[in-house]
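K.L.:
Handing over final_3.pdb, PDB, N, CA, C and O atoms, pLDDT in the B column.
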```pdb
ATOM      1  N   MET A 253      -1.379  -0.341   5.291  1.00 90.00           N
ATOM      2  CA  MET A 253      -2.515  -0.729   4.465  1.00 90.00           C
ATOM      3  C   MET A 253      -3.006   0.450   3.622  1.00 90.00           C
ATOM      4  O   MET A 253      -3.590   0.238   2.566  1.00 90.00           O
ATOM      5  N   ASN A 254      -2.781   1.672   4.119  1.00 93.00           N
ATOM      6  CA  ASN A 254      -3.174   2.833   3.316  1.00 93.00           C
ATOM      7  C   ASN A 254      -2.405   2.891   2.000  1.00 93.00           C
ATOM      8  O   ASN A 254      -2.968   3.220   0.960  1.00 93.00           O
ATOM      9  N   ILE A 255      -1.122   2.559   2.061  1.00 93.00           N
ATOM     10  CA  ILE A 255      -0.305   2.562   0.852  1.00 93.00           C
ATOM     11  C   ILE A 255      -0.774   1.463  -0.099  1.00 93.00           C
ATOM     12  O   ILE A 255      -0.889   1.691  -1.307  1.00 93.00           O
ATOM     13  N   VAL A 256      -1.071   0.300   0.418  1.00 92.00           N
ATOM     14  CA  VAL A 256      -1.579  -0.800  -0.407  1.00 92.00           C
ATOM     15  C   VAL A 256      -2.892  -0.378  -1.066  1.00 92.00           C
ATOM     16  O   VAL A 256      -3.101  -0.601  -2.260  1.00 92.00           O
ATOM     17  N   GLY A 257      -3.780   0.241  -0.301  1.00 93.00           N
ATOM     18  CA  GLY A 257      -5.046   0.717  -0.861  1.00 93.00           C
ATOM     19  C   GLY A 257      -4.832   1.710  -1.984  1.00 93.00           C
ATOM     20  O   GLY A 257      -5.502   1.641  -3.025  1.00 93.00           O
ATOM     21  N   LYS A 258      -3.902   2.625  -1.784  1.00 94.00           N
ATOM     22  CA  LYS A 258      -3.599   3.623  -2.823  1.00 94.00           C
ATOM     23  C   LYS A 258      -3.035   2.948  -4.071  1.00 94.00           C
ATOM     24  O   LYS A 258      -3.407   3.293  -5.193  1.00 94.00           O
ATOM     25  N   LEU A 259      -2.159   1.970  -3.884  1.00 92.00           N
ATOM     26  CA  LEU A 259      -1.612   1.239  -5.027  1.00 92.00           C
ATOM     27  C   LEU A 259      -2.700   0.488  -5.789  1.00 92.00           C
ATOM     28  O   LEU A 259      -2.669   0.404  -7.013  1.00 92.00           O
ATOM     29  N   LEU A 260      -3.667  -0.034  -5.070  1.00 93.00           N
ATOM     30  CA  LEU A 260      -4.742  -0.785  -5.723  1.00 93.00           C
ATOM     31  C   LEU A 260      -5.715   0.123  -6.474  1.00 93.00           C
ATOM     32  O   LEU A 260      -6.368  -0.324  -7.407  1.00 93.00           O
ATOM     33  N   GLU A 261      -5.794   1.393  -6.082  1.00 94.00           N
ATOM     34  CA  GLU A 261      -6.646   2.334  -6.822  1.00 94.00           C
ATOM     35  C   GLU A 261      -6.166   2.464  -8.273  1.00 94.00           C
ATOM     36  O   GLU A 261      -6.974   2.530  -9.191  1.00 94.00           O
ATOM     37  N   ASP A 262      -4.846   2.538  -8.438  1.00 92.00           N
ATOM     38  CA  ASP A 262      -4.255   2.631  -9.776  1.00 92.00           C
ATOM     39  C   ASP A 262      -2.856   2.022  -9.722  1.00 92.00           C
ATOM     40  O   ASP A 262      -1.889   2.722  -9.404  1.00 92.00           O
ATOM     41  N   PRO A 263      -2.737   0.731  -9.998  1.00 89.00           N
ATOM     42  CA  PRO A 263      -1.436   0.059  -9.902  1.00 89.00           C
ATOM     43  C   PRO A 263      -0.342   0.644 -10.795  1.00 89.00           C
ATOM     44  O   PRO A 263       0.830   0.406 -10.573  1.00 89.00           O
ATOM     45  N   THR A 264      -0.725   1.425 -11.809  1.00 88.00           N
ATOM     46  CA  THR A 264       0.287   2.022 -12.684  1.00 88.00           C
ATOM     47  C   THR A 264       0.855   3.308 -12.110  1.00 88.00           C
ATOM     48  O   THR A 264       1.854   3.817 -12.604  1.00 88.00           O
ATOM     49  N   ASP A 265       0.234   3.847 -11.061  1.00 89.00           N
ATOM     50  CA  ASP A 265       0.688   5.098 -10.458  1.00 89.00           C
ATOM     51  C   ASP A 265       1.390   4.820  -9.131  1.00 89.00           C
ATOM     52  O   ASP A 265       0.741   4.574  -8.113  1.00 89.00           O
ATOM     53  N   THR A 266       2.713   4.840  -9.160  1.00 87.00           N
ATOM     54  CA  THR A 266       3.479   4.666  -7.924  1.00 87.00           C
ATOM     55  C   THR A 266       4.143   5.972  -7.504  1.00 87.00           C
ATOM     56  O   THR A 266       4.952   5.996  -6.592  1.00 87.00           O
ATOM     57  N   ASP A 267       3.785   7.063  -8.178  1.00 88.00           N
ATOM     58  CA  ASP A 267       4.362   8.373  -7.874  1.00 88.00           C
ATOM     59  C   ASP A 267       3.304   9.244  -7.198  1.00 88.00           C
ATOM     60  O   ASP A 267       2.740  10.147  -7.797  1.00 88.00           O
ATOM     61  N   PHE A 268       3.011   8.922  -5.941  1.00 93.00           N
ATOM     62  CA  PHE A 268       2.026   9.683  -5.187  1.00 93.00           C
ATOM     63  C   PHE A 268       2.623  10.087  -3.849  1.00 93.00           C
ATOM     64  O   PHE A 268       3.651   9.572  -3.431  1.00 93.00           O
ATOM     65  N   GLU A 269       1.983  11.017  -3.196  1.00 93.00           N
ATOM     66  CA  GLU A 269       2.451  11.521  -1.900  1.00 93.00           C
ATOM     67  C   GLU A 269       2.190  10.465  -0.831  1.00 93.00           C
ATOM     68  O   GLU A 269       1.053  10.095  -0.567  1.00 93.00           O
ATOM     69  N   ILE A 270       3.253   9.983  -0.220  1.00 94.00           N
ATOM     70  CA  ILE A 270       3.150   8.920   0.779  1.00 94.00           C
ATOM     71  C   ILE A 270       2.828   9.468   2.169  1.00 94.00           C
ATOM     72  O   ILE A 270       2.101   8.837   2.932  1.00 94.00           O
ATOM     73  N   GLU A 271       3.350  10.625   2.481  1.00 94.00           N
ATOM     74  CA  GLU A 271       3.255  11.146   3.847  1.00 94.00           C
ATOM     75  C   GLU A 271       1.842  11.158   4.431  1.00 94.00           C
ATOM     76  O   GLU A 271       1.656  10.768   5.591  1.00 94.00           O
ATOM     77  N   PRO A 272       0.814  11.566   3.689  1.00 95.00           N
ATOM     78  CA  PRO A 272      -0.537  11.550   4.284  1.00 95.00           C
ATOM     79  C   PRO A 272      -1.068  10.143   4.577  1.00 95.00           C
ATOM     80  O   PRO A 272      -2.043   9.984   5.298  1.00 95.00           O
ATOM     81  N   LEU A 273      -0.433   9.129   4.035  1.00 95.00           N
ATOM     82  CA  LEU A 273      -0.918   7.759   4.172  1.00 95.00           C
ATOM     83  C   LEU A 273      -0.272   6.989   5.315  1.00 95.00           C
ATOM     84  O   LEU A 273      -0.675   5.862   5.587  1.00 95.00           O
ATOM     85  N   ILE A 274       0.737   7.577   5.965  1.00 95.00           N
ATOM     86  CA  ILE A 274       1.495   6.837   6.967  1.00 95.00           C
ATOM     87  C   ILE A 274       1.308   7.408   8.363  1.00 95.00           C
ATOM     88  O   ILE A 274       0.901   8.551   8.531  1.00 95.00           O
ATOM     89  N   HIS A 275       1.639   6.583   9.352  1.00 92.00           N
ATOM     90  CA  HIS A 275       1.609   7.006  10.752  1.00 92.00           C
ATOM     91  C   HIS A 275       2.808   7.911  11.018  1.00 92.00           C
ATOM     92  O   HIS A 275       3.839   7.812  10.358  1.00 92.00           O
ATOM     93  N   GLY A 276       2.658   8.757  12.001  1.00 90.00           N
ATOM     94  CA  GLY A 276       3.717   9.698  12.358  1.00 90.00           C
ATOM     95  C   GLY A 276       5.050   9.046  12.640  1.00 90.00           C
ATOM     96  O   GLY A 276       6.104   9.598  12.331  1.00 90.00           O
ATOM     97  N   SER A 277       5.037   7.852  13.211  1.00 92.00           N
ATOM     98  CA  SER A 277       6.286   7.174  13.550  1.00 92.00           C
ATOM     99  C   SER A 277       7.066   6.727  12.314  1.00 92.00           C
ATOM    100  O   SER A 277       8.241   6.396  12.410  1.00 92.00           O
ATOM    101  N   MET A 278       6.425   6.740  11.166  1.00 93.00           N
ATOM    102  CA  MET A 278       7.074   6.304   9.922  1.00 93.00           C
ATOM    103  C   MET A 278       7.624   7.468   9.099  1.00 93.00           C
ATOM    104  O   MET A 278       8.195   7.259   8.035  1.00 93.00           O
ATOM    105  N   LYS A 279       7.472   8.699   9.586  1.00 92.00           N
ATOM    106  CA  LYS A 279       7.883   9.882   8.814  1.00 92.00           C
ATOM    107  C   LYS A 279       9.348   9.834   8.403  1.00 92.00           C
ATOM    108  O   LYS A 279       9.706  10.291   7.332  1.00 92.00           O
ATOM    109  N   ASP A 280      10.204   9.262   9.265  1.00 95.00           N
ATOM    110  CA  ASP A 280      11.624   9.207   8.934  1.00 95.00           C
ATOM    111  C   ASP A 280      11.953   8.082   7.949  1.00 95.00           C
ATOM    112  O   ASP A 280      13.102   7.931   7.543  1.00 95.00           O
ATOM    113  N   LYS A 281      10.963   7.321   7.541  1.00 95.00           N
ATOM    114  CA  LYS A 281      11.161   6.199   6.614  1.00 95.00           C
ATOM    115  C   LYS A 281      10.581   6.476   5.228  1.00 95.00           C
ATOM    116  O   LYS A 281      10.481   5.572   4.407  1.00 95.00           O
ATOM    117  N   ILE A 282      10.207   7.716   4.954  1.00 94.00           N
ATOM    118  CA  ILE A 282       9.542   8.043   3.684  1.00 94.00           C
ATOM    119  C   ILE A 282      10.402   7.653   2.481  1.00 94.00           C
ATOM    120  O   ILE A 282       9.894   7.067   1.520  1.00 94.00           O
ATOM    121  N   SER A 283      11.698   7.928   2.531  1.00 94.00           N
ATOM    122  CA  SER A 283      12.540   7.584   1.376  1.00 94.00           C
ATOM    123  C   SER A 283      12.598   6.068   1.171  1.00 94.00           C
ATOM    124  O   SER A 283      12.582   5.598   0.032  1.00 94.00           O
ATOM    125  N   ASP A 284      12.633   5.302   2.270  1.00 95.00           N
ATOM    126  CA  ASP A 284      12.622   3.839   2.154  1.00 95.00           C
ATOM    127  C   ASP A 284      11.297   3.345   1.588  1.00 95.00           C
ATOM    128  O   ASP A 284      11.265   2.424   0.767  1.00 95.00           O
ATOM    129  N   LEU A 285      10.199   3.948   2.012  1.00 94.00           N
ATOM    130  CA  LEU A 285       8.888   3.549   1.508  1.00 94.00           C
ATOM    131  C   LEU A 285       8.749   3.853   0.023  1.00 94.00           C
ATOM    132  O   LEU A 285       8.191   3.053  -0.727  1.00 94.00           O
ATOM    133  N   LYS A 286       9.263   5.003  -0.396  1.00 92.00           N
ATOM    134  CA  LYS A 286       9.219   5.344  -1.824  1.00 92.00           C
ATOM    135  C   LYS A 286       9.993   4.333  -2.651  1.00 92.00           C
ATOM    136  O   LYS A 286       9.556   3.932  -3.728  1.00 92.00           O
ATOM    137  N   LEU A 287      11.152   3.906  -2.139  1.00 93.00           N
ATOM    138  CA  LEU A 287      11.926   2.883  -2.849  1.00 93.00           C
ATOM    139  C   LEU A 287      11.162   1.563  -2.914  1.00 93.00           C
ATOM    140  O   LEU A 287      11.224   0.851  -3.919  1.00 93.00           O
ATOM    141  N   ALA A 288      10.441   1.246  -1.859  1.00 91.00           N
ATOM    142  CA  ALA A 288       9.714  -0.023  -1.788  1.00 91.00           C
ATOM    143  C   ALA A 288       8.580  -0.096  -2.808  1.00 91.00           C
ATOM    144  O   ALA A 288       8.256  -1.184  -3.290  1.00 91.00           O
ATOM    145  N   ILE A 289       7.974   1.033  -3.135  1.00 90.00           N
ATOM    146  CA  ILE A 289       6.849   1.000  -4.081  1.00 90.00           C
ATOM    147  C   ILE A 289       7.248   1.406  -5.487  1.00 90.00           C
ATOM    148  O   ILE A 289       6.423   1.384  -6.395  1.00 90.00           O
ATOM    149  N   ASP A 290       8.506   1.771  -5.688  1.00 89.00           N
ATOM    150  CA  ASP A 290       8.966   2.163  -7.011  1.00 89.00           C
ATOM    151  C   ASP A 290       8.973   0.951  -7.935  1.00 89.00           C
ATOM    152  O   ASP A 290       9.455  -0.116  -7.578  1.00 89.00           O
ATOM    153  N   GLY A 291       8.403   1.099  -9.085  1.00 88.00           N
ATOM    154  CA  GLY A 291       8.399  -0.001 -10.044  1.00 88.00           C
ATOM    155  C   GLY A 291       7.043  -0.195 -10.678  1.00 88.00           C
ATOM    156  O   GLY A 291       6.235   0.714 -10.758  1.00 88.00           O
ATOM    157  N   PHE A 292       6.791  -1.417 -11.094  1.00 89.00           N
ATOM    158  CA  PHE A 292       5.576  -1.749 -11.836  1.00 89.00           C
ATOM    159  C   PHE A 292       4.845  -2.879 -11.131  1.00 89.00           C
ATOM    160  O   PHE A 292       5.464  -3.856 -10.710  1.00 89.00           O
ATOM    161  N   ILE A 293       3.546  -2.736 -11.000  1.00 90.00           N
ATOM    162  CA  ILE A 293       2.716  -3.778 -10.394  1.00 90.00           C
ATOM    163  C   ILE A 293       1.891  -4.425 -11.503  1.00 90.00           C
ATOM    164  O   ILE A 293       1.125  -3.741 -12.191  1.00 90.00           O
ATOM    165  N   THR A 294       2.060  -5.717 -11.670  1.00 91.00           N
ATOM    166  CA  THR A 294       1.313  -6.432 -12.701  1.00 91.00           C
ATOM    167  C   THR A 294      -0.135  -6.624 -12.239  1.00 91.00           C
ATOM    168  O   THR A 294      -0.431  -6.542 -11.044  1.00 91.00           O
ATOM    169  N   PRO A 295      -1.039  -6.903 -13.174  1.00 92.00           N
ATOM    170  CA  PRO A 295      -2.421  -7.187 -12.784  1.00 92.00           C
ATOM    171  C   PRO A 295      -2.516  -8.374 -11.814  1.00 92.00           C
ATOM    172  O   PRO A 295      -3.340  -8.365 -10.899  1.00 92.00           O
ATOM    173  N   GLN A 296      -1.663  -9.357 -11.994  1.00 94.00           N
ATOM    174  CA  GLN A 296      -1.670 -10.509 -11.097  1.00 94.00           C
ATOM    175  C   GLN A 296      -1.246 -10.101  -9.683  1.00 94.00           C
ATOM    176  O   GLN A 296      -1.844 -10.540  -8.700  1.00 94.00           O
ATOM    177  N   GLN A 297      -0.222  -9.268  -9.588  1.00 93.00           N
ATOM    178  CA  GLN A 297       0.225  -8.789  -8.286  1.00 93.00           C
ATOM    179  C   GLN A 297      -0.856  -7.936  -7.625  1.00 93.00           C
ATOM    180  O   GLN A 297      -1.091  -8.048  -6.422  1.00 93.00           O
ATOM    181  N   ALA A 298      -1.520  -7.095  -8.408  1.00 93.00           N
ATOM    182  CA  ALA A 298      -2.596  -6.264  -7.871  1.00 93.00           C
ATOM    183  C   ALA A 298      -3.729  -7.141  -7.346  1.00 93.00           C
ATOM    184  O   ALA A 298      -4.304  -6.863  -6.292  1.00 93.00           O
ATOM    185  N   GLY A 299      -4.034  -8.217  -8.057  1.00 95.00           N
ATOM    186  CA  GLY A 299      -5.063  -9.146  -7.599  1.00 95.00           C
ATOM    187  C   GLY A 299      -4.689  -9.799  -6.286  1.00 95.00           C
ATOM    188  O   GLY A 299      -5.523  -9.923  -5.378  1.00 95.00           O
ATOM    189  N   LYS A 300      -3.436 -10.209  -6.169  1.00 95.00           N
ATOM    190  CA  LYS A 300      -2.976 -10.826  -4.921  1.00 95.00           C
ATOM    191  C   LYS A 300      -2.985  -9.821  -3.774  1.00 95.00           C
ATOM    192  O   LYS A 300      -3.381 -10.155  -2.649  1.00 95.00           O
ATOM    193  N   LEU A 301      -2.562  -8.592  -4.045  1.00 94.00           N
ATOM    194  CA  LEU A 301      -2.612  -7.549  -3.017  1.00 94.00           C
ATOM    195  C   LEU A 301      -4.043  -7.300  -2.558  1.00 94.00           C
ATOM    196  O   LEU A 301      -4.300  -7.072  -1.375  1.00 94.00           O
ATOM    197  N   SER A 302      -4.973  -7.334  -3.488  1.00 95.00           N
ATOM    198  CA  SER A 302      -6.373  -7.129  -3.155  1.00 95.00           C
ATOM    199  C   SER A 302      -6.889  -8.227  -2.231  1.00 95.00           C
ATOM    200  O   SER A 302      -7.590  -7.955  -1.251  1.00 95.00           O
ATOM    201  N   VAL A 303      -6.534  -9.465  -2.504  1.00 96.00           N
ATOM    202  CA  VAL A 303      -6.931 -10.590  -1.650  1.00 96.00           C
ATOM    203  C   VAL A 303      -6.329 -10.441  -0.260  1.00 96.00           C
ATOM    204  O   VAL A 303      -7.006 -10.629   0.757  1.00 96.00           O
ATOM    205  N   ILE A 304      -5.058 -10.075  -0.197  1.00 95.00           N
ATOM    206  CA  ILE A 304      -4.387  -9.890   1.095  1.00 95.00           C
ATOM    207  C   ILE A 304      -5.057  -8.762   1.881  1.00 95.00           C
ATOM    208  O   ILE A 304      -5.292  -8.887   3.085  1.00 95.00           O
ATOM    209  N   LYS A 305      -5.373  -7.672   1.202  1.00 94.00           N
ATOM    210  CA  LYS A 305      -6.015  -6.538   1.873  1.00 94.00           C
ATOM    211  C   LYS A 305      -7.393  -6.943   2.413  1.00 94.00           C
ATOM    212  O   LYS A 305      -7.754  -6.605   3.538  1.00 94.00           O
ATOM    213  N   GLN A 306      -8.155  -7.677   1.631  1.00 95.00           N
ATOM    214  CA  GLN A 306      -9.472  -8.136   2.085  1.00 95.00           C
ATOM    215  C   GLN A 306      -9.340  -9.063   3.287  1.00 95.00           C
ATOM    216  O   GLN A 306     -10.119  -8.974   4.237  1.00 95.00           O
ATOM    217  N   HIS A 307      -8.349  -9.935   3.247  1.00 96.00           N
ATOM    218  CA  HIS A 307      -8.123 -10.853   4.366  1.00 96.00           C
ATOM    219  C   HIS A 307      -7.740 -10.073   5.625  1.00 96.00           C
ATOM    220  O   HIS A 307      -8.257 -10.344   6.722  1.00 96.00           O
ATOM    221  N   TYR A 308      -6.860  -9.092   5.477  1.00 94.00           N
ATOM    222  CA  TYR A 308      -6.452  -8.254   6.609  1.00 94.00           C
ATOM    223  C   TYR A 308      -7.657  -7.532   7.207  1.00 94.00           C
ATOM    224  O   TYR A 308      -7.843  -7.507   8.427  1.00 94.00           O
ATOM    225  N   GLU A 309      -8.491  -6.947   6.350  1.00 94.00           N
ATOM    226  CA  GLU A 309      -9.660  -6.216   6.831  1.00 94.00           C
ATOM    227  C   GLU A 309     -10.635  -7.146   7.529  1.00 94.00           C
ATOM    228  O   GLU A 309     -11.257  -6.784   8.541  1.00 94.00           O
ATOM    229  N   ASN A 310     -10.779  -8.371   7.029  1.00 96.00           N
ATOM    230  CA  ASN A 310     -11.640  -9.362   7.660  1.00 96.00           C
ATOM    231  C   ASN A 310     -11.119  -9.723   9.041  1.00 96.00           C
ATOM    232  O   ASN A 310     -11.879  -9.784  10.013  1.00 96.00           O
ATOM    233  N   LEU A 311      -9.826  -9.968   9.158  1.00 96.00           N
ATOM    234  CA  LEU A 311      -9.222 -10.285  10.450  1.00 96.00           C
ATOM    235  C   LEU A 311      -9.349  -9.122  11.435  1.00 96.00           C
ATOM    236  O   LEU A 311      -9.643  -9.302  12.604  1.00 96.00           O
ATOM    237  N   LYS A 312      -9.145  -7.923  10.935  1.00 93.00           N
ATOM    238  CA  LYS A 312      -9.235  -6.727  11.779  1.00 93.00           C
ATOM    239  C   LYS A 312     -10.659  -6.547  12.301  1.00 93.00           C
ATOM    240  O   LYS A 312     -10.866  -6.176  13.454  1.00 93.00           O
ATOM    241  N   ALA A 313     -11.643  -6.830  11.485  1.00 95.00           N
ATOM    242  CA  ALA A 313     -13.042  -6.680  11.886  1.00 95.00           C
ATOM    243  C   ALA A 313     -13.414  -7.695  12.977  1.00 95.00           C
ATOM    244  O   ALA A 313     -14.315  -7.451  13.778  1.00 95.00           O
ATOM    245  N   ARG A 314     -12.720  -8.820  13.010  1.00 94.00           N
ATOM    246  CA  ARG A 314     -13.033  -9.867  13.997  1.00 94.00           C
ATOM    247  C   ARG A 314     -12.390  -9.598  15.352  1.00 94.00           C
ATOM    248  O   ARG A 314     -12.763 -10.234  16.331  1.00 94.00           O
ATOM    249  N   SER A 315     -11.412  -8.714  15.410  1.00 82.00           N
ATOM    250  CA  SER A 315     -10.724  -8.491  16.689  1.00 82.00           C
ATOM    251  C   SER A 315     -11.363  -7.407  17.516  1.00 82.00           C
ATOM    252  O   SER A 315     -12.257  -6.765  17.214  1.00 82.00           O
TER     253      SER A 315
END
```
Translate this file's structure into structure tokens.

P.N.:
Amino acid sequence: MNIVGKLLEDPTDTDFEIEPLIHGSMKDKISDLKLAIDGFITPQQAGKLSVIKQHYENLKARS
């Protein structure tokens, strides 16, 4: 969710440092994560990501 939050801050910027945003167990997956976020996020996609993030945070707050 940290990566999603960072993408939503500026959907045009996908060239940021991922390591501070991930759990230690994901350190060996940094190259895969960079490939996953490489590209362009449309305003519509950013809107959908925002809704998903809000829903996730709502569910997390209820548990």

K.L.:
Applying the PyMOL selection byres (((chain A and resi 283-295 and name CA) around 9) and name CA) to the file I just gave you, which residues come out? Please list them as a PyMOL selection string.

P.N.:
chain A and resi 255+259+263-267+270+280-282+296-300

K.L.:
Can you work out the spacing between atom CA of A:His275 and atom CA of A:Gly257 in Å, to one decimal?

P.N.:
14.8 Å

K.L.:
If you measure from atom N of A:Leu273 to atom N of A:Asn254, what distance in Å do you get, rounded to one decimal?

P.N.:
7.8 Å

K.L.:
So the first atom is atom CA of A:Gln306 and the second is atom CA of A:Val256; what is the distance between them in Å, to one decimal place?

P.N.:
11.1 Å

K.L.:
Which residue, A:Met278, A:Glu269, A:Glu309, A:Val303, has the smallest gap to A:Met253 when you use only C-alpha atoms?

P.N.:
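Counting only C-alpha atoms, the residue closest to A:Met253 is A:Glu309.
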
K.L.:
Select from chain A everything DSSP, run on the backbone, classes as helix (DSSP H, G or I), then give the selection as number ranges by chain.

P.N.:
A: 254-261, 271-273, 276-289, 295-314

K.L.:
Need the axis-aligned box for stretch 254-273 of chain A with 3 Å each side, so what are the centre and edges in Å to one decimal, as JSON?

P.N.:
```
{"center_x": -1.0, "center_y": 5.4, "center_z": -3.5, "size_x": 17.9, "size_y": 18.4, "size_z": 24.3}
```
